[in-house]
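Okay, structure first, notes after.
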Amino acid sequence: MTVTGAEASAHAAAAAVVTAGFAAADHPLAAAGERLRLLLADEAERLGRPAPDVAWLGDADALASAASYAPASGASHGLADRARATVHLAADAVLVGPWGGDGTAEGTACGVCLAMRRQRLRGSAERDALETGRGTTAAAAWPLPTAGLATAVLAVHEAVTGEAPPADGLTGGDRRLRRVTRIDLATWHTVTVPLLPEALCPVCREADEQAAAPEPGLALLPRPRPAHAYRLRTPEAYALPATALANPVCGALGAGTRTDLTSPTTAPVAGAVLLRTSGGLNEMTWSGKTGSFRRSRHLGLLEGLERYASTRRQSLAPPLVASYDSLGDAALDPRDCGVYAPETYAAEQRLQPFDPARPIPWVPGWSLRDQRPVLVARRSAYYFEGSAGDDFVDECSNGCATGSCLEEAVLFGLLEVVERDAFLLSWYGGASLTGIDLHDGAPAAVRGMLDRAELLGYRLHVLDTRADLPIPSVAAVAVRRDGGPGHLSFAAAAALDPAAAVESALAETLTYLPGLAGRVSARTDELEAMAEDFTLVRRQDDHPALFGLPRMAAHAATYLTPSATVPLASLGADRGQGQRAPEGPLDLREDVRRCCDAIAAAGHDVIVVDQTSHEQRALGLRTVRVIAPGLLPMDFGWSRQRALRLPRLRAARRADPDRPLRLVPHPFS
């Protein structure tokens, strides 16, 4: 755009006036934002319209608490001003909105919600500058907005906030939400996306949290279910705000989705967003992997919502801060869930042993065995949230699950805890395993998966990994027939329906096979070094990649040569009795009770932390973390294997207790 001499003089004068009101440390974007506000006010006055409120994005940490929101340009631009603004100037765009919405709680969002969601989509360099206190520095003089831009912004603002806003083609849960229209400063291209209210917005959510009374306990209700079905709703039955969850302007779960059109085994859809932890920015990934792209997208978004709720506590109410010693029996001792070896704490500066005298944050949980409240260390409940004082363990998604109701979420959280415990017992325990005959009575879905694996040059095995818990648990392993790279791939599952456990484990294994050989070949030297020195296994993706080396098959002999083979139907029988366990009432509450009774009989409590976020509750979803202290937790990194230090590993050895432990990193992904 050509700028005339008169305009240039006006810009210089405006810049001088604006700059005079700012301290030297103020971001130059503020001057550009103030210039746009003045231009919009002049244009609106000329047209006889009210001028929109203006804010700017990128000069301060929008994810900080309300107390840290200092006025950006004197007393007139604080938190409340940002909340009501409907024009937001960023480095690369002007965002008009939020506008529209159906007026319900889910259909409202403010400018602070927009600022917070947008910041989570920024790159790691920009986020570190804003969020760690280092600040940003302008590379050159900031270009001030022109009168032409102000005219365009005001025209868009008038169109979207008028009596007849433009149609945007949104469907499903997106239709209820407020919108944001982005005007690109380089091309003037516009795009409109929906905006989810932000659960941690200090303006929108504070009143809701203060009005909400905490539940006195975790009451499980009767939930009748169909035969052989443990989900009460299909993924497609939820009116998910898919566009609001994944869009490049303000997506709650990331800037978009990745669809893998080349996968020969499944139709994967995935996404990711950066979340800040005590160790820095970490990528939170989510995906759906089914035979349908549409279903995979639904499942992926549901998984993303689950991880969004499980990684960080979505509440403005502060947690209780106290020492374990001061809480006594009211709290779960984090050491009961396992801790690292002393040498791990000595080697990793960020980690520190649990100190029962040190005050740390706690969140409420509920013991299903004892029917009483139990406080749980926040570090143990939310796996991306922590502080320097409670870095005694790096948790992962052990026991996190989502359902259409509390009972469904708890059941699937329990099954995941059982699945991982069973797999680790079978792996580190080193005992012989029983194979499952996949051709004797297997459903058509299983036979189809066997055929797809054969096309890729793999054969599939399923092993019974049950130990002392009478819940069907299996491990699946894919073996490359020609012995090349990408040799082994493992997965596991537990389910009350044996066929469902087998199908789930096989389906997960299949998702890893495409490209496995290439991923292993690209890291051959690094993986060979890990095979010689297990301490080099440090990240989650190191574990499965290591077993892509053909030489590692020697450590997995019990999975490749089972001691016996039995039909699939035997998985539903109690060990040693040959009789199928009675199903009892078709009710999720009863299913939860039977699982809890089995875990309690093995000597362990079952504690539930309700992690449900505001966004999930609005969709009819519940998310929980299920903790069974003493069962073996899944960890990643050879130096961080809590399972090797827990009494259960030796107490629950299935057979041949004199067999040595398999002291080899597990292959679980």
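Naming scheme: A, B, ... for chains in displayed order of the structure tokens; residues 1 onward per chain; ligands 1 onward as shown.
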Contact residues around Pro197 of chain A with only C-alpha atoms at 10 Å, ignoring same-chain residues under 3 positions, as a VMD selection string: chain A and resid 105 to 114 116 to 117 177 to 178 194 200 to 201 204 to 205 244 252 614 to 615
Limited to C-alpha atoms, could you put the picked residues into a file as a PDB file, in the first residue's frame?
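Okay, this is what ended up in part01.pdb:
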ATOM      1  CA  ALA A 105     -22.502 -20.055  28.979  1.00  0.00           C
ATOM      2  CA  GLU A 106     -20.863 -22.133  26.251  1.00  0.00           C
ATOM      3  CA  GLY A 107     -21.642 -19.433  23.689  1.00  0.00           C
ATOM      4  CA  THR A 108     -19.822 -16.640  25.501  1.00  0.00           C
ATOM      5  CA  ALA A 109     -16.147 -15.758  25.442  1.00  0.00           C
ATOM      6  CA  CYS A 110     -14.237 -12.539  25.960  1.00  0.00           C
ATOM      7  CA  GLY A 111     -11.109 -10.897  24.650  1.00  0.00           C
ATOM      8  CA  VAL A 112      -9.023 -12.470  27.415  1.00  0.00           C
ATOM      9  CA  CYS A 113     -10.214 -15.938  26.310  1.00  0.00           C
ATOM     10  CA  LEU A 114      -9.065 -15.062  22.786  1.00  0.00           C
ATOM     11  CA  MET A 116      -5.028 -16.915  26.046  1.00  0.00           C
ATOM     12  CA  ARG A 117      -6.021 -19.392  23.350  1.00  0.00           C
ATOM     13  CA  LEU A 177     -20.005 -20.363  20.045  1.00  0.00           C
ATOM     14  CA  ARG A 178     -18.802 -16.839  19.516  1.00  0.00           C
ATOM     15  CA  PRO A 194     -15.354 -20.194  16.479  1.00  0.00           C
ATOM     16  CA  LEU A 200      -8.826 -20.389  33.127  1.00  0.00           C
ATOM     17  CA  CYS A 201     -10.024 -16.965  31.989  1.00  0.00           C
ATOM     18  CA  CYS A 204     -15.331 -15.374  32.407  1.00  0.00           C
ATOM     19  CA  ARG A 205     -14.810 -18.233  34.827  1.00  0.00           C
ATOM     20  CA  ALA A 244     -13.111 -24.420  17.722  1.00  0.00           C
ATOM     21  CA  ALA A 252      -8.141 -25.021  21.967  1.00  0.00           C
ATOM     22  CA  HIS A 614     -15.316 -26.767  31.878  1.00  0.00           C
ATOM     23  CA  GLU A 615     -15.226 -27.487  28.146  1.00  0.00           C
TER      24      GLU A 615
END
Sorted by chain and rising residue number, list the residues of segment 72-150 of chain A at most 10 Å from segment 159-165 of chain A (counting only C-alpha atoms), each with its closest atom pair and distance in Å to one decimal, as a Markdown table.
| residue | atom | partner | partner_atom | distance |
| --- | --- | --- | --- | --- |
| A:Thr86 | CA | A:Thr161 | CA | 9.6 |
| A:Val96 | CA | A:Val160 | CA | 8.5 |
| A:Gly97 | CA | A:Val160 | CA | 8.3 |
| A:Pro98 | CA | A:Thr161 | CA | 9.4 |
| A:Trp99 | CA | A:Thr161 | CA | 6.3 |
| A:Gly100 | CA | A:Thr161 | CA | 7.2 |
Alpha helix (DSSP H) call set, DSSP backbone run, segment 98-199 of chain A, as a PyMOL selection string: chain A and resi 111-120+124-131+147-161
Selection near Leu40 of chain A, 9 Å with only C-alpha atoms, sequence-local residues under 5 positions removed, as a PyMOL selection string: chain A and resi 35+45+51-52+54+147+150-151+153-154
Which residue of A:Leu320, A:Arg179, A:Ala60, A:Gly429 approaches Leu95 of chain A most closely, using only C-alpha atoms: A:Arg179
